[in-house]
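What follows is a set of notes on a single structure, which appears directly below.
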Amino acid sequence: MQAEKSGIPGVVVVGPGFVELGNLTGTDNGIPSIQLAIYPGPFDLHTNEALRENTLKEVVPLVVKGLTGKIATSTKAQKGPSERSAFTGTLEQISRHFDESGWSDGMAIVPPTKERVDEFLKFTDYKPDEEVAILESANLRATPRNIAVNAVMAGARPEHMPLLIAMVQSIGDPKYKVSYSRRAGSTHSFQTYYWLNGPVARQLGVDFGQGLIAHPINQVLGRTMSLIERNIAGYRIKLTQVGSFGKVTSWVLAEDEEGARQIGWKPNHVERGFHLNANTVTTGESTVWGQNLIPATSDPKVLMQLIAYDLTHKEQFAAGWNGSRRTLLMTPTTAKVLADGGYTKDSLKADLAKTARIISYEWAFSKVHGSYGAIYPPFEEELATTLAEPRAEKGKLPPWWPRFPGWEEIQTTPVVPDSSYLEILVLGDPSRNKVQTLSANGYNTIEVRLPKNWDELTTKAGYRPLREFLLATPAE
């Protein structure tokens, strides 16, 4: 959009359902009259002939008009935070006003009074109006004050403030925010989720066992981030959040680090290079939550193969995409079977990446007929291209397929390029045999910044000291 801001014309081709989104995106980026060329309908469902005809008759004239006409170059600065009162009334009146203004998710809220917001601001060393991130697509400044407003509304507690600031910084991080902004409002209904590592999550009671995302603390953290996504990042249904089937509240998880260490596995943040007792937030996205795997074997190799089988059926868009990242949520008892069989997280990920393969013909079929937006050539042509790829190999049919005559000639393609595309979190109900695969994109990890007087604040709030939640390092 830098070209348009400089007065160089450009045109964005959109479908009918994206006109308002396109206009709002332009406004949010300082382009009050973004040029749009509207393609009539979902092009994925059109024949090549109809695609050409619609493009020539409908799209090209709009592109030419947009490129040859004048565009406005004035920009509209975003307003900063204000301490003025938004509304005064009863609880019911306030809730209705917030709903009608588009600030709420429709559920009951706690009115964000100045007094309540000020309590949250005590739990950070950032200044109230200090910029901690710029959130796309609205390109608004996230500050402790407006983060606190959303946290109060969601029912979070003041002591949650450092975690929430870190979550906001994670989605606003320049090296991650492009990935976030492309998916937060997507028609594919990507769910933004967060997992926590470190002693502060244990101190504050963020759940890592049975219940997990449904635990009240996890829930209010997730709801806060969904409200921030709405009110600061600017994603609102029927405008800029255009999930075809909607979008659920963000999930918040915590890893069972003691459970992982008991079986000799490293917690996730340690794998990422952080100290064992560092406090971190990692952000990811997924289009999948349900359909957990229920292993019924004590054989670690068969269990690995079963998880690999699950990986091949938990793709991001079910069809038309191969190679997305996966986050494996694994209960401690299931992880123990694998650890007792000699698996580390690294060796398990390596075996899963080698074993999880689909038939290359199926991969070509899903690309051509189940595309998520790309346009491919006719099936036979794409099949030839797919079979010619170096990763489409013979003799690697996964173990859940029978070994019939000629099976060695069947080409298969891995569902992930390598083991770095897999993350494993030990968490959930320790009494159950479960694995859950989330199909994901990139991840981003931010270290949580606690205020200098954290111990004083949390003691006053009724918490045990943070030092009691530290884990002993191997050298200790």
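We name chains A, B, ... following the order of the structure tokens; residues begin at 1 in each chain, and ligands are numbered from 1 as shown.
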
### Task
Do a neighbour search on region 188-201 of chain A at 8 Å with only C-alpha atoms, toss out local chain neighbours closer than 6 positions, and write the hits as a PyMOL selection string.
chain A and resi 167+222+242-255+257+267-269+276-287+317+466+469-471

Output C-alpha atoms of each residue in that selection to a file, as a compact mmCIF listing (two decimals), in the first residue's frame.
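Okay, this is what ended up in part_29.txt:
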# COMPACT_ATOMS: atom_id res chain seq x y z
CA MET A 167 0.04 -11.90 24.15
CA GLY A 222 -8.92 -16.02 25.83
CA VAL A 242 -15.27 -12.69 7.56
CA GLY A 243 -15.03 -16.30 8.73
CA SER A 244 -17.52 -18.24 6.60
CA PHE A 245 -18.77 -20.13 9.65
CA GLY A 246 -17.74 -17.56 12.23
CA LYS A 247 -14.92 -17.69 14.75
CA VAL A 248 -14.77 -18.93 18.32
CA THR A 249 -13.11 -17.29 21.32
CA SER A 250 -9.32 -17.58 21.46
CA TRP A 251 -7.94 -20.58 23.35
CA VAL A 252 -5.36 -20.29 26.12
CA LEU A 253 -3.30 -23.29 27.22
CA ALA A 254 -0.43 -23.94 29.60
CA GLU A 255 2.04 -26.80 29.33
CA GLU A 257 6.10 -28.72 32.53
CA PRO A 267 9.09 -28.06 28.04
CA ASN A 268 8.32 -26.20 24.83
CA HIS A 269 9.90 -22.88 25.80
CA LEU A 276 13.48 -23.32 32.30
CA ASN A 277 12.07 -20.67 34.65
CA ALA A 278 11.51 -18.00 32.02
CA ASN A 279 7.89 -16.92 31.54
CA THR A 280 6.79 -17.05 27.91
CA VAL A 281 3.72 -16.72 25.70
CA THR A 282 3.59 -18.46 22.32
CA THR A 283 0.97 -17.59 19.72
CA GLY A 284 -0.34 -19.90 17.00
CA GLU A 285 -3.31 -20.27 14.67
CA SER A 286 -5.42 -23.29 13.81
CA THR A 287 -8.51 -24.23 11.86
CA PHE A 317 -8.21 -26.93 5.10
CA LEU A 466 6.63 -16.76 42.62
CA PHE A 469 6.66 -22.17 41.53
CA LEU A 470 10.19 -22.31 40.14
CA LEU A 471 11.40 -25.67 38.81

Quick one: residues within 8 Å of Gly395 (chain A), only C-alpha atoms, excluding same-chain residues fewer than 5 positions away - as an mmCIF file with C-alpha atoms, in the first residue's frame?
data_model
loop_
_atom_site.group_PDB
_atom_site.id
_atom_site.type_symbol
_atom_site.label_atom_id
_atom_site.label_comp_id
_atom_site.auth_asym_id
_atom_site.auth_seq_id
_atom_site.Cartn_x
_atom_site.Cartn_y
_atom_site.Cartn_z
ATOM 1 C CA TRP A 407 2.656 -51.340 -3.500
ATOM 2 C CA GLU A 408 6.324 -50.407 -3.899
ATOM 3 C CA GLU A 409 5.455 -48.412 -7.038
ATOM 4 C CA ILE A 410 2.962 -46.129 -5.317
ATOM 5 C CA GLN A 411 4.330 -42.631 -4.742
#

### Test item, helix (DSSP H, G or I) assignment across region 305-443 of chain A, answer as a VMD selection string
chain A and resid 305 to 312 332 to 340 345 to 355 360 to 369 379 to 387 407 to 409 419 to 421

Could those selected residues go to a file with N, CA and C atoms, as a compact mmCIF listing (two decimals), in the first residue's frame?
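What landed in part08.txt:
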# COMPACT_ATOMS: atom_id res chain seq x y z
N GLN A 305 2.97 -44.41 15.04
CA GLN A 305 2.33 -44.57 13.73
C GLN A 305 0.89 -44.08 13.75
N LEU A 306 0.21 -44.31 14.85
CA LEU A 306 -1.18 -43.85 14.98
C LEU A 306 -1.25 -42.32 14.97
N ILE A 307 -0.30 -41.67 15.65
CA ILE A 307 -0.26 -40.20 15.65
C ILE A 307 0.07 -39.70 14.25
N ALA A 308 0.99 -40.40 13.55
CA ALA A 308 1.32 -40.01 12.17
C ALA A 308 0.10 -40.12 11.27
N TYR A 309 -0.67 -41.18 11.46
CA TYR A 309 -1.93 -41.35 10.71
C TYR A 309 -2.86 -40.17 10.97
N ASP A 310 -2.93 -39.75 12.22
CA ASP A 310 -3.78 -38.62 12.59
C ASP A 310 -3.31 -37.34 11.92
N LEU A 311 -2.00 -37.16 11.81
CA LEU A 311 -1.44 -35.98 11.17
C LEU A 311 -1.91 -35.86 9.72
N THR A 312 -2.03 -37.00 9.05
CA THR A 312 -2.42 -36.97 7.64
C THR A 312 -3.89 -36.61 7.46
N PRO A 332 -0.15 -36.40 29.59
CA PRO A 332 1.08 -36.94 30.19
C PRO A 332 1.18 -38.46 30.13
N THR A 333 0.06 -39.17 30.33
CA THR A 333 0.12 -40.64 30.31
C THR A 333 0.45 -41.16 28.92
N THR A 334 -0.07 -40.50 27.89
CA THR A 334 0.24 -40.91 26.52
C THR A 334 1.69 -40.62 26.20
N ALA A 335 2.16 -39.45 26.62
CA ALA A 335 3.56 -39.10 26.38
C ALA A 335 4.50 -40.07 27.09
N LYS A 336 4.09 -40.57 28.26
CA LYS A 336 4.94 -41.49 29.01
C LYS A 336 5.16 -42.81 28.27
N VAL A 337 4.13 -43.29 27.59
CA VAL A 337 4.28 -44.52 26.81
C VAL A 337 5.40 -44.33 25.78
N LEU A 338 5.39 -43.18 25.14
CA LEU A 338 6.40 -42.90 24.11
C LEU A 338 7.78 -42.71 24.74
N ALA A 339 7.84 -41.99 25.87
CA ALA A 339 9.11 -41.76 26.54
C ALA A 339 9.70 -43.06 27.06
N ASP A 340 8.85 -43.92 27.63
CA ASP A 340 9.33 -45.21 28.13
C ASP A 340 9.87 -46.08 27.00
N LYS A 345 11.18 -35.75 22.60
CA LYS A 345 10.36 -34.94 21.71
C LYS A 345 10.98 -34.86 20.32
N ASP A 346 12.30 -34.66 20.26
CA ASP A 346 12.97 -34.52 18.96
C ASP A 346 12.90 -35.79 18.13
N SER A 347 13.17 -36.94 18.76
CA SER A 347 13.16 -38.19 17.99
C SER A 347 11.73 -38.56 17.57
N LEU A 348 10.76 -38.21 18.41
CA LEU A 348 9.37 -38.48 18.04
C LEU A 348 8.97 -37.62 16.85
N LYS A 349 9.32 -36.36 16.87
CA LYS A 349 8.99 -35.48 15.75
C LYS A 349 9.66 -35.95 14.47
N ALA A 350 10.89 -36.43 14.58
CA ALA A 350 11.60 -36.92 13.39
C ALA A 350 10.89 -38.13 12.79
N ASP A 351 10.48 -39.09 13.63
CA ASP A 351 9.78 -40.27 13.13
C ASP A 351 8.41 -39.93 12.56
N LEU A 352 7.72 -38.99 13.21
CA LEU A 352 6.40 -38.58 12.71
C LEU A 352 6.53 -37.93 11.33
N ALA A 353 7.54 -37.09 11.15
CA ALA A 353 7.73 -36.41 9.87
C ALA A 353 8.03 -37.42 8.76
N LYS A 354 8.75 -38.49 9.10
CA LYS A 354 9.06 -39.51 8.10
C LYS A 354 7.86 -40.40 7.78
N THR A 355 7.03 -40.66 8.78
CA THR A 355 5.95 -41.65 8.64
C THR A 355 4.67 -41.06 8.08
N SER A 360 0.47 -39.51 -3.31
CA SER A 360 0.69 -38.30 -4.10
C SER A 360 -0.49 -38.01 -5.03
N TYR A 361 -1.14 -39.04 -5.51
CA TYR A 361 -2.32 -38.85 -6.35
C TYR A 361 -3.39 -38.10 -5.56
N GLU A 362 -3.57 -38.48 -4.30
CA GLU A 362 -4.54 -37.80 -3.43
C GLU A 362 -4.16 -36.34 -3.22
N TRP A 363 -2.88 -36.08 -3.06
CA TRP A 363 -2.40 -34.72 -2.87
C TRP A 363 -2.72 -33.87 -4.11
N ALA A 364 -2.50 -34.40 -5.30
CA ALA A 364 -2.81 -33.67 -6.53
C ALA A 364 -4.32 -33.43 -6.64
N PHE A 365 -5.11 -34.45 -6.30
CA PHE A 365 -6.57 -34.33 -6.36
C PHE A 365 -7.06 -33.22 -5.44
N SER A 366 -6.53 -33.18 -4.22
CA SER A 366 -6.98 -32.18 -3.26
C SER A 366 -6.56 -30.78 -3.67
N LYS A 367 -5.37 -30.65 -4.28
CA LYS A 367 -4.92 -29.33 -4.73
C LYS A 367 -5.84 -28.77 -5.80
N VAL A 368 -6.16 -29.59 -6.78
CA VAL A 368 -6.92 -29.12 -7.93
C VAL A 368 -8.39 -28.91 -7.59
N HIS A 369 -8.97 -29.84 -6.83
CA HIS A 369 -10.41 -29.80 -6.60
C HIS A 369 -10.80 -29.27 -5.22
N PHE A 379 -6.39 -31.42 -13.88
CA PHE A 379 -5.90 -32.45 -12.96
C PHE A 379 -4.73 -33.25 -13.51
N GLU A 380 -4.84 -33.77 -14.72
CA GLU A 380 -3.78 -34.63 -15.27
C GLU A 380 -2.44 -33.89 -15.34
N GLU A 381 -2.50 -32.61 -15.68
CA GLU A 381 -1.28 -31.81 -15.75
C GLU A 381 -0.68 -31.60 -14.36
N GLU A 382 -1.53 -31.27 -13.37
CA GLU A 382 -1.03 -31.08 -12.01
C GLU A 382 -0.54 -32.40 -11.41
N LEU A 383 -1.21 -33.50 -11.74
CA LEU A 383 -0.77 -34.81 -11.26
C LEU A 383 0.65 -35.11 -11.73
N ALA A 384 0.92 -34.84 -13.01
CA ALA A 384 2.26 -35.09 -13.53
C ALA A 384 3.30 -34.26 -12.79
N THR A 385 2.94 -33.00 -12.49
CA THR A 385 3.86 -32.12 -11.75
C THR A 385 4.10 -32.65 -10.34
N THR A 386 3.02 -33.07 -9.70
CA THR A 386 3.12 -33.58 -8.32
C THR A 386 3.97 -34.84 -8.25
N LEU A 387 3.76 -35.76 -9.19
CA LEU A 387 4.52 -37.02 -9.18
C LEU A 387 6.00 -36.80 -9.50
N TRP A 407 2.72 -52.50 -4.38
CA TRP A 407 2.66 -51.34 -3.50
C TRP A 407 3.94 -50.50 -3.55
N GLU A 408 5.05 -51.13 -3.87
CA GLU A 408 6.32 -50.41 -3.90
C GLU A 408 6.35 -49.30 -4.95
N GLU A 409 5.46 -49.40 -5.95
CA GLU A 409 5.46 -48.41 -7.04
C GLU A 409 4.59 -47.19 -6.73
N SER A 419 10.74 -32.19 10.54
CA SER A 419 10.29 -32.23 11.94
C SER A 419 10.12 -30.86 12.57
N SER A 420 10.74 -29.83 11.99
CA SER A 420 10.61 -28.48 12.56
C SER A 420 9.19 -27.94 12.42
N TYR A 421 8.36 -28.60 11.62
CA TYR A 421 6.97 -28.18 11.43
C TYR A 421 6.05 -28.75 12.51

### Message
When you count only C-alpha atoms, which of these residues is closest to Lys122 (chain A): A:Pro40, A:Pro399, A:Gly370, A:Pro451?
### Response
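Smallest distance to Lys122 (chain A) is found for A:Pro451.
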